[in-house]
Each structure stands twice: as structure tokens, then as C-alpha cells.
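> This is final-v1.cif (mmCIF, C-alpha atoms).
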```cif
data_input
loop_
_atom_site.group_PDB
_atom_site.id
_atom_site.type_symbol
_atom_site.label_atom_id
_atom_site.label_comp_id
_atom_site.auth_asym_id
_atom_site.auth_seq_id
_atom_site.Cartn_x
_atom_site.Cartn_y
_atom_site.Cartn_z
ATOM 1 C CA MET T 1 7.650 -17.277 -9.077
ATOM 2 C CA THR T 2 9.107 -14.865 -6.544
ATOM 3 C CA ALA T 3 7.176 -11.992 -8.179
ATOM 4 C CA ALA T 4 3.866 -13.618 -7.198
ATOM 5 C CA GLU T 5 5.060 -13.924 -3.594
ATOM 6 C CA HIS T 6 5.892 -10.228 -3.555
ATOM 7 C CA THR T 7 2.557 -8.958 -4.868
ATOM 8 C CA ALA T 8 0.226 -11.121 -2.770
ATOM 9 C CA PRO T 9 0.740 -9.530 0.685
ATOM 10 C CA GLN T 10 0.781 -5.974 -0.742
ATOM 11 C CA LYS T 11 -2.822 -6.270 -1.892
ATOM 12 C CA THR T 12 -4.296 -7.065 1.512
ATOM 13 C CA THR T 13 -3.105 -3.982 3.426
ATOM 14 C CA ALA T 14 -5.367 -0.934 3.473
ATOM 15 C CA HIS T 15 -2.569 1.236 4.886
ATOM 16 C CA ALA T 16 -0.730 2.013 1.681
ATOM 17 C CA PRO T 17 1.702 4.767 2.674
ATOM 18 C CA GLY T 18 1.140 8.146 1.039
ATOM 19 C CA HIS T 19 -2.294 7.102 -0.196
ATOM 20 C CA ALA T 20 -4.890 8.443 2.246
ATOM 21 C CA PRO T 21 -8.413 6.961 2.100
ATOM 22 C CA ARG T 22 -11.055 9.322 0.819
ATOM 23 C CA ALA T 23 -14.799 9.615 1.090
ATOM 24 C CA ARG T 24 -17.506 11.510 -0.732
ATOM 25 C CA VAL T 25 -20.503 12.796 1.189
ATOM 26 C CA THR T 26 -23.455 13.955 -0.909
ATOM 27 C CA VAL T 27 -26.151 16.105 0.680
ATOM 28 C CA THR T 28 -29.399 16.605 -1.234
ATOM 29 C CA LEU T 29 -32.734 18.221 -0.416
ATOM 30 C CA LYS T 30 -35.513 15.841 0.570
ATOM 31 C CA ASN T 31 -38.400 15.367 -1.839
ATOM 32 C CA GLY T 32 -41.012 18.045 -1.427
ATOM 33 C CA VAL T 33 -38.635 20.643 -0.032
ATOM 34 C CA LEU T 34 -38.704 23.784 -2.178
ATOM 35 C CA ASP T 35 -35.451 24.485 -4.069
ATOM 36 C CA PRO T 36 -35.451 28.091 -5.349
ATOM 37 C CA GLN T 37 -31.788 27.826 -6.395
ATOM 38 C CA GLY T 38 -32.561 24.806 -8.565
ATOM 39 C CA LYS T 39 -35.548 26.634 -10.066
ATOM 40 C CA ALA T 40 -33.314 29.619 -10.887
ATOM 41 C CA ILE T 41 -30.808 27.343 -12.638
ATOM 42 C CA GLU T 42 -33.655 25.740 -14.578
ATOM 43 C CA GLY T 43 -34.794 29.181 -15.732
ATOM 44 C CA ALA T 44 -31.259 30.263 -16.624
ATOM 45 C CA LEU T 45 -30.686 27.119 -18.710
ATOM 46 C CA ALA T 46 -33.919 27.762 -20.600
ATOM 47 C CA SER T 47 -32.913 31.346 -21.348
ATOM 48 C CA LEU T 48 -29.512 30.120 -22.584
ATOM 49 C CA GLY T 49 -31.400 28.038 -25.147
ATOM 50 C CA ILE T 50 -30.679 24.694 -23.508
ATOM 51 C CA ALA T 51 -33.982 22.872 -23.918
ATOM 52 C CA GLY T 52 -34.823 19.364 -22.760
ATOM 53 C CA ILE T 53 -34.289 19.859 -19.049
ATOM 54 C CA ALA T 54 -37.372 19.137 -16.992
ATOM 55 C CA GLY T 55 -36.059 19.986 -13.541
ATOM 56 C CA VAL T 56 -32.958 20.824 -11.516
ATOM 57 C CA ARG T 57 -32.316 20.323 -7.825
ATOM 58 C CA GLN T 58 -29.065 21.477 -6.315
ATOM 59 C CA GLY T 59 -27.149 19.738 -3.568
ATOM 60 C CA LYS T 60 -23.728 19.751 -1.995
ATOM 61 C CA VAL T 61 -20.830 17.359 -2.191
ATOM 62 C CA PHE T 62 -17.947 17.067 0.277
ATOM 63 C CA ASP T 63 -14.739 15.328 -0.763
ATOM 64 C CA ILE T 64 -13.120 14.277 2.471
ATOM 65 C CA ALA T 65 -9.606 12.986 3.087
ATOM 66 C CA LEU T 66 -9.481 10.661 6.085
ATOM 67 C CA ALA T 67 -6.603 10.285 8.516
ATOM 68 C CA GLY T 68 -7.267 6.624 9.397
ATOM 69 C CA ALA T 69 -7.827 3.735 7.048
ATOM 70 C CA ASP T 70 -10.455 1.740 8.989
ATOM 71 C CA PRO T 71 -13.663 1.827 6.877
ATOM 72 C CA GLU T 72 -15.987 1.069 9.787
ATOM 73 C CA HIS T 73 -14.549 3.873 11.900
ATOM 74 C CA ALA T 74 -14.608 6.233 8.905
ATOM 75 C CA ARG T 75 -18.289 5.511 8.273
ATOM 76 C CA ALA T 76 -19.198 6.229 11.906
ATOM 77 C CA LEU T 77 -17.106 9.406 11.880
ATOM 78 C CA LEU T 78 -18.685 10.697 8.681
ATOM 79 C CA GLY T 79 -22.172 9.859 9.926
ATOM 80 C CA GLU T 80 -21.493 11.983 12.991
ATOM 81 C CA ALA T 81 -20.099 14.800 10.810
ATOM 82 C CA CYS T 82 -23.257 14.735 8.660
ATOM 83 C CA GLU T 83 -25.631 14.711 11.630
ATOM 84 C CA LYS T 84 -23.798 17.515 13.431
ATOM 85 C CA LEU T 85 -22.632 19.797 10.640
ATOM 86 C CA LEU T 86 -22.775 18.795 6.987
ATOM 87 C CA ALA T 87 -26.495 18.138 6.589
ATOM 88 C CA ASN T 88 -29.654 19.625 8.028
ATOM 89 C CA THR T 89 -31.473 16.334 8.526
ATOM 90 C CA VAL T 90 -34.844 18.045 8.812
ATOM 91 C CA ILE T 91 -34.793 18.975 5.130
ATOM 92 C CA GLU T 92 -31.789 17.142 3.690
ATOM 93 C CA ASN T 93 -30.679 13.569 3.018
ATOM 94 C CA TYR T 94 -27.069 12.517 3.001
ATOM 95 C CA SER T 95 -25.175 9.607 1.536
ATOM 96 C CA ILE T 96 -21.671 8.471 2.425
ATOM 97 C CA GLU T 97 -19.469 6.758 -0.140
ATOM 98 C CA LEU T 98 -16.050 5.432 0.852
ATOM 99 C CA LEU T 99 -13.483 5.522 -1.959
ATOM 100 C CA ASP T 100 -10.313 3.374 -1.946
ATOM 101 C CA ALA T 101 -10.616 2.897 1.822
ATOM 102 C CA MET V 1 -44.331 -19.445 -21.241
ATOM 103 C CA THR V 2 -46.431 -16.419 -22.161
ATOM 104 C CA ALA V 3 -45.044 -14.489 -19.195
ATOM 105 C CA ALA V 4 -41.524 -14.640 -20.679
ATOM 106 C CA GLU V 5 -42.851 -13.296 -23.977
ATOM 107 C CA HIS V 6 -44.424 -10.361 -22.179
ATOM 108 C CA THR V 7 -41.367 -9.274 -20.195
ATOM 109 C CA ALA V 8 -38.745 -9.514 -22.961
ATOM 110 C CA PRO V 9 -39.774 -6.508 -25.124
ATOM 111 C CA GLN V 10 -40.470 -4.285 -22.074
ATOM 112 C CA LYS V 11 -36.823 -4.376 -21.015
ATOM 113 C CA THR V 12 -35.399 -2.960 -24.238
ATOM 114 C CA THR V 13 -37.292 0.340 -24.344
ATOM 115 C CA ALA V 14 -35.773 3.385 -22.644
ATOM 116 C CA HIS V 15 -39.045 5.311 -22.926
ATOM 117 C CA ALA V 16 -40.844 3.905 -19.928
ATOM 118 C CA PRO V 17 -43.889 6.157 -19.525
ATOM 119 C CA GLY V 18 -43.990 8.238 -16.349
ATOM 120 C CA HIS V 19 -40.358 7.453 -15.563
ATOM 121 C CA ALA V 20 -38.225 10.392 -16.733
ATOM 122 C CA PRO V 21 -34.487 9.812 -17.172
ATOM 123 C CA ARG V 22 -32.310 11.572 -14.664
ATOM 124 C CA ALA V 23 -28.715 12.715 -14.508
ATOM 125 C CA ARG V 24 -26.355 13.821 -11.783
ATOM 126 C CA VAL V 25 -23.781 16.510 -12.538
ATOM 127 C CA THR V 26 -20.999 16.913 -9.979
ATOM 128 C CA VAL V 27 -18.876 20.050 -10.007
ATOM 129 C CA THR V 28 -15.681 20.072 -7.928
ATOM 130 C CA LEU V 29 -12.786 22.487 -7.563
ATOM 131 C CA LYS V 30 -9.650 21.613 -9.510
ATOM 132 C CA ASN V 31 -6.594 20.501 -7.572
ATOM 133 C CA GLY V 32 -4.575 23.437 -6.350
ATOM 134 C CA VAL V 33 -7.508 25.838 -6.254
ATOM 135 C CA LEU V 34 -7.922 27.271 -2.753
ATOM 136 C CA ASP V 35 -11.141 26.202 -0.979
ATOM 137 C CA PRO V 36 -11.786 28.466 2.031
ATOM 138 C CA GLN V 37 -15.254 26.959 2.562
ATOM 139 C CA GLY V 38 -13.762 23.475 2.796
ATOM 140 C CA LYS V 39 -11.139 24.751 5.225
ATOM 141 C CA ALA V 40 -13.854 26.323 7.385
ATOM 142 C CA ILE V 41 -15.748 23.013 7.500
ATOM 143 C CA GLU V 42 -12.524 21.214 8.434
ATOM 144 C CA GLY V 43 -12.031 23.654 11.320
ATOM 145 C CA ALA V 44 -15.650 23.351 12.439
ATOM 146 C CA LEU V 45 -15.471 19.548 12.472
ATOM 147 C CA ALA V 46 -12.321 19.697 14.601
ATOM 148 C CA SER V 47 -13.970 22.054 17.090
ATOM 149 C CA LEU V 48 -16.979 19.708 17.269
ATOM 150 C CA GLY V 49 -14.571 17.002 18.417
ATOM 151 C CA ILE V 50 -14.727 14.988 15.209
ATOM 152 C CA ALA V 51 -11.102 13.925 14.773
ATOM 153 C CA GLY V 52 -9.639 11.836 11.960
ATOM 154 C CA ILE V 53 -10.497 14.125 9.074
ATOM 155 C CA ALA V 54 -7.449 15.260 7.124
ATOM 156 C CA GLY V 55 -9.103 17.549 4.611
ATOM 157 C CA VAL V 56 -12.425 18.702 3.181
ATOM 158 C CA ARG V 57 -13.182 20.146 -0.241
ATOM 159 C CA GLN V 58 -16.686 21.270 -1.067
ATOM 160 C CA GLY V 59 -18.368 20.926 -4.425
ATOM 161 C CA LYS V 60 -21.813 21.121 -5.937
ATOM 162 C CA VAL V 61 -24.175 18.494 -7.219
ATOM 163 C CA PHE V 62 -27.076 19.010 -9.621
ATOM 164 C CA ASP V 63 -29.805 16.394 -9.870
ATOM 165 C CA ILE V 64 -31.376 16.939 -13.254
ATOM 166 C CA ALA V 65 -34.602 15.519 -14.680
ATOM 167 C CA LEU V 66 -34.424 15.199 -18.457
ATOM 168 C CA ALA V 67 -37.307 15.628 -20.868
ATOM 169 C CA GLY V 68 -35.986 13.243 -23.537
ATOM 170 C CA ALA V 69 -34.741 9.699 -23.087
ATOM 171 C CA ASP V 70 -31.905 9.646 -25.649
ATOM 172 C CA PRO V 71 -28.664 9.210 -23.627
ATOM 173 C CA GLU V 72 -26.404 10.621 -26.362
ATOM 174 C CA HIS V 73 -28.480 13.777 -26.713
ATOM 175 C CA ALA V 74 -28.701 14.102 -22.930
ATOM 176 C CA ARG V 75 -24.933 13.883 -22.556
ATOM 177 C CA ALA V 76 -24.384 16.611 -25.190
ATOM 178 C CA LEU V 77 -27.053 18.788 -23.578
ATOM 179 C CA LEU V 78 -25.567 18.442 -20.097
ATOM 180 C CA GLY V 79 -22.063 19.114 -21.387
ATOM 181 C CA GLU V 80 -23.318 22.375 -22.863
ATOM 182 C CA ALA V 81 -25.119 23.233 -19.597
ATOM 183 C CA CYS V 82 -21.899 22.652 -17.642
ATOM 184 C CA GLU V 83 -19.738 24.686 -20.003
ATOM 185 C CA LYS V 84 -22.180 27.598 -20.129
ATOM 186 C CA LEU V 85 -23.614 27.735 -16.626
ATOM 187 C CA LEU V 86 -23.071 24.992 -14.075
ATOM 188 C CA ALA V 87 -19.276 24.961 -13.868
ATOM 189 C CA ASN V 88 -16.559 27.586 -14.105
ATOM 190 C CA THR V 89 -14.171 25.491 -16.171
ATOM 191 C CA VAL V 90 -11.209 27.719 -15.294
ATOM 192 C CA ILE V 91 -11.225 26.494 -11.694
ATOM 193 C CA GLU V 92 -13.740 23.623 -11.652
ATOM 194 C CA ASN V 93 -14.075 20.124 -13.063
ATOM 195 C CA TYR V 94 -17.414 18.540 -13.830
ATOM 196 C CA SER V 95 -18.603 14.993 -14.280
ATOM 197 C CA ILE V 96 -21.861 13.844 -15.837
ATOM 198 C CA GLU V 97 -23.529 10.651 -14.732
ATOM 199 C CA LEU V 98 -26.667 9.412 -16.479
ATOM 200 C CA LEU V 99 -29.034 7.454 -14.240
ATOM 201 C CA ASP V 100 -31.700 5.111 -15.609
ATOM 202 C CA ALA V 101 -31.467 6.803 -19.037
#
```
As a first step, turn the structure in this file into C-alpha cells.

Amino acid sequence: MTAAEHTAPQKTTAHAPGHAPRARVTVTLKNGVLDPQGKAIEGALASLGIAGIAGVRQGKVFDIALAGADPEHARALLGEACEKLLANTVIENYSIELLDA
Amino acid sequence: MTAAEHTAPQKTTAHAPGHAPRARVTVTLKNGVLDPQGKAIEGALASLGIAGIAGVRQGKVFDIALAGADPEHARALLGEACEKLLANTVIENYSIELLDA
């Protein structure tokens, strides 16, 4: 009975000590933008004998450790980071995924 | 009544014409491997005034269009592609995610 009382309040806090919230930002080229690097990988896979691949497009992924645990603030922060530095929004799309935040 | 008969068999086939199966391969550095590029991004974000970021690690993402629709074959194929070309398994981890396959 007392065990249930102990576990219930633990679950609601997002500020678990020693367990920083993380996020993954994925930046990919927009449709229609030429991707020579992807084309090169496609060619290399074919010459390695790996058939069955119709196309490759390369993007970037950023695994980010956050200092604060507020998801709303984190999303705004990461949006700003993408707009200012991580993505070139003329040719790239980005997506923000909050993990255990 | 006839509408239900029409939609039921459509759902089971993975070979929808004109809709190639896709996969996303994510390659990230293993824990403990130094990431100077991630560190540089961390520094750049701080100098842009974006506070609240405790760490950045950069990885790669490959969006792959597959020629065949068999998920088992695709997974084997992509595993081989990762081992041979896409990832350096000494310092990098990879994960394969099949989308609408």
C-alpha cells in the first residue's frame, strides 16, 4: 500500500535528476533540390553489388542534450536554432522530436 | 455493402503501384567518440545567444527509396549497405527504420 504512494508522485515530475531531456533534430533536403552526395552513395552501393535501392538522399541529424526540462521552451529554442544555424531553410526542411522531455 | 468488399483486399497488399517503400537509416557516433563538429555547433549556438543547450552530437541520415517491397529483404539489404558503406561500425552506430514497407 505504501509502495503505491511512493511511486505515484515520482511519475509526474519531468525534472528527474541526472536525466537530462534530449531532442533529435533532423534536417533533410527539400524535394526537387539536387543531392549529388546521395547520388554518389547510390552509385557506390550499386558498384558494391547491393541492388534493390532506387534512390538515396542524405540529410543530417543533431542529437541535442537540453539544459531545461520544459518541453514548450525546448521546442521554441530548437526552432530558433534550426532557423539560425542548423538548417538552410531555403533548401532544407527540419523536424524537431523531443525525447523523454 | 459493396464498398466494404472493395476496400478489404486493398489494405493487405504491400505492393501498391506507384508507391515505393522507403527506409530511413540513421548513423550516429558511438558514446565516447569525440565529436568536434558537434562541439563547434554547440559553441556557435551559444554565440548566437541560444542558451539552454547542454550538448550537440551530429549524425547522418539517409532517406532511401527501395525497389522491392519485401520488408525482410529490405532490412537485410540495408544492413549490408550500412556495414559496407554507410556507417563506420568501429565508431558509429546505425539504425534502420522501414517506412510504409
> Pick out the chain T residues within 8 Å of chain V. Count only C-alpha atoms. Give them as a PyMOL selection string.
chain T and resi 26+45+50+52-68+77+80-81+85
> Mind pulling up the distance from CA of Gly79 in chain V to CA of Asn31 in chain V?
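One can read the CA of Asn31 in chain V to CA of Gly79 in chain V distance as 20.8 Å.
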> Which RMSD value, in Å, follows from superposing chain T onto chain V on all C-alpha atoms in order by least squares?
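For chain V versus chain T, the C-alpha RMSD is 0.1 Å.
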> Find the distance between CA of Asn93 in chain T and CA of Asp100 in chain V and write it in Å to one decimal.
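Taking CA of Asn93 in chain T as the start and CA of Asp100 in chain V as the end point, the length is 20.5 Å.
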> If I only want range 54-99 of chain T, can you write it with N, CA and C atoms, as a compact mmCIF listing (two decimals), in the first residue's frame?

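result-v5.txt was written with the following content:
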```
# COMPACT_ATOMS: atom_id res chain seq x y z
N ALA T 54 16.56 2.22 -55.01
CA ALA T 54 16.10 3.06 -56.10
C ALA T 54 16.55 4.50 -55.96
N GLY T 55 16.93 4.90 -54.76
CA GLY T 55 17.35 6.30 -54.57
C GLY T 55 17.83 6.54 -53.16
N VAL T 56 18.78 7.47 -53.02
CA VAL T 56 19.30 7.82 -51.70
C VAL T 56 19.36 9.34 -51.60
N ARG T 57 18.88 9.87 -50.50
CA ARG T 57 19.05 11.29 -50.22
C ARG T 57 19.63 11.42 -48.82
N GLN T 58 20.70 12.21 -48.72
CA GLN T 58 21.36 12.32 -47.43
C GLN T 58 20.92 13.56 -46.67
N GLY T 59 20.79 13.40 -45.37
CA GLY T 59 20.47 14.54 -44.51
C GLY T 59 21.33 14.50 -43.26
N LYS T 60 21.02 15.40 -42.35
CA LYS T 60 21.80 15.49 -41.12
C LYS T 60 20.89 15.27 -39.92
N VAL T 61 21.48 14.77 -38.85
CA VAL T 61 20.72 14.60 -37.62
C VAL T 61 21.55 15.19 -36.47
N PHE T 62 20.87 15.90 -35.58
CA PHE T 62 21.55 16.50 -34.43
C PHE T 62 20.91 15.95 -33.17
N ASP T 63 21.71 15.26 -32.36
CA ASP T 63 21.21 14.78 -31.07
C ASP T 63 21.61 15.81 -30.03
N ILE T 64 20.61 16.42 -29.43
CA ILE T 64 20.83 17.59 -28.58
C ILE T 64 20.42 17.30 -27.15
N ALA T 65 21.33 17.58 -26.22
CA ALA T 65 21.00 17.48 -24.79
C ALA T 65 20.58 18.87 -24.34
N LEU T 66 19.43 18.92 -23.64
CA LEU T 66 18.88 20.20 -23.22
C LEU T 66 19.15 20.45 -21.75
N ALA T 67 19.34 21.72 -21.41
CA ALA T 67 19.62 22.06 -20.01
C ALA T 67 18.33 22.11 -19.20
N GLY T 68 17.26 22.63 -19.78
CA GLY T 68 15.98 22.73 -19.05
C GLY T 68 15.05 21.60 -19.45
N ALA T 69 14.01 21.40 -18.66
CA ALA T 69 13.13 20.27 -18.91
C ALA T 69 11.74 20.70 -19.41
N ASP T 70 11.55 21.99 -19.70
CA ASP T 70 10.25 22.46 -20.16
C ASP T 70 10.11 22.21 -21.66
N PRO T 71 9.20 21.31 -22.08
CA PRO T 71 9.10 20.94 -23.50
C PRO T 71 8.75 22.12 -24.41
N GLU T 72 7.89 23.01 -23.92
CA GLU T 72 7.46 24.13 -24.76
C GLU T 72 8.64 25.07 -25.04
N HIS T 73 9.40 25.35 -23.98
CA HIS T 73 10.58 26.20 -24.12
C HIS T 73 11.61 25.53 -25.03
N ALA T 74 11.78 24.22 -24.85
CA ALA T 74 12.77 23.47 -25.64
C ALA T 74 12.41 23.54 -27.13
N ARG T 75 11.11 23.40 -27.43
CA ARG T 75 10.68 23.42 -28.82
C ARG T 75 10.95 24.79 -29.46
N ALA T 76 10.68 25.86 -28.71
CA ALA T 76 10.94 27.21 -29.22
C ALA T 76 12.44 27.42 -29.45
N LEU T 77 13.22 26.97 -28.48
CA LEU T 77 14.68 27.09 -28.54
C LEU T 77 15.24 26.37 -29.76
N LEU T 78 14.78 25.15 -29.97
CA LEU T 78 15.29 24.33 -31.07
C LEU T 78 14.83 24.89 -32.41
N GLY T 79 13.63 25.44 -32.45
CA GLY T 79 13.15 26.08 -33.67
C GLY T 79 14.06 27.24 -34.06
N GLU T 80 14.43 28.02 -33.04
CA GLU T 80 15.33 29.15 -33.28
C GLU T 80 16.71 28.66 -33.76
N ALA T 81 17.20 27.59 -33.12
CA ALA T 81 18.50 27.02 -33.50
C ALA T 81 18.47 26.54 -34.95
N CYS T 82 17.36 25.93 -35.37
CA CYS T 82 17.23 25.44 -36.75
C CYS T 82 17.21 26.60 -37.73
N GLU T 83 16.40 27.62 -37.41
CA GLU T 83 16.25 28.76 -38.32
C GLU T 83 17.57 29.52 -38.47
N LYS T 84 18.31 29.63 -37.37
CA LYS T 84 19.52 30.45 -37.38
C LYS T 84 20.78 29.70 -37.79
N LEU T 85 20.83 28.40 -37.52
CA LEU T 85 22.11 27.71 -37.73
C LEU T 85 22.00 26.32 -38.35
N LEU T 86 21.11 25.49 -37.82
CA LEU T 86 21.18 24.06 -38.17
C LEU T 86 20.67 23.77 -39.59
N ALA T 87 19.69 24.53 -40.05
CA ALA T 87 19.13 24.25 -41.37
C ALA T 87 19.21 25.50 -42.25
N ASN T 88 19.39 25.27 -43.52
CA ASN T 88 19.25 26.34 -44.52
C ASN T 88 17.83 26.21 -45.05
N THR T 89 16.93 27.06 -44.54
CA THR T 89 15.51 26.86 -44.82
C THR T 89 15.11 27.16 -46.26
N VAL T 90 16.04 27.67 -47.03
CA VAL T 90 15.77 27.86 -48.46
C VAL T 90 15.70 26.50 -49.16
N ILE T 91 16.62 25.62 -48.79
CA ILE T 91 16.69 24.32 -49.47
C ILE T 91 16.44 23.13 -48.56
N GLU T 92 16.31 23.36 -47.26
CA GLU T 92 16.19 22.23 -46.33
C GLU T 92 14.93 22.34 -45.45
N ASN T 93 14.39 21.19 -45.10
CA ASN T 93 13.34 21.08 -44.10
C ASN T 93 13.94 20.59 -42.80
N TYR T 94 13.30 20.94 -41.69
CA TYR T 94 13.77 20.35 -40.44
C TYR T 94 12.59 19.83 -39.64
N SER T 95 12.87 18.82 -38.82
CA SER T 95 11.85 18.34 -37.90
C SER T 95 12.47 18.18 -36.51
N ILE T 96 11.69 18.54 -35.51
CA ILE T 96 12.16 18.51 -34.12
C ILE T 96 11.37 17.45 -33.37
N GLU T 97 12.09 16.58 -32.70
CA GLU T 97 11.47 15.47 -31.97
C GLU T 97 12.00 15.52 -30.55
N LEU T 98 11.13 15.73 -29.58
CA LEU T 98 11.56 15.75 -28.18
C LEU T 98 11.50 14.34 -27.61
N LEU T 99 12.61 13.89 -27.02
CA LEU T 99 12.68 12.56 -26.43
C LEU T 99 12.69 12.71 -24.92
```
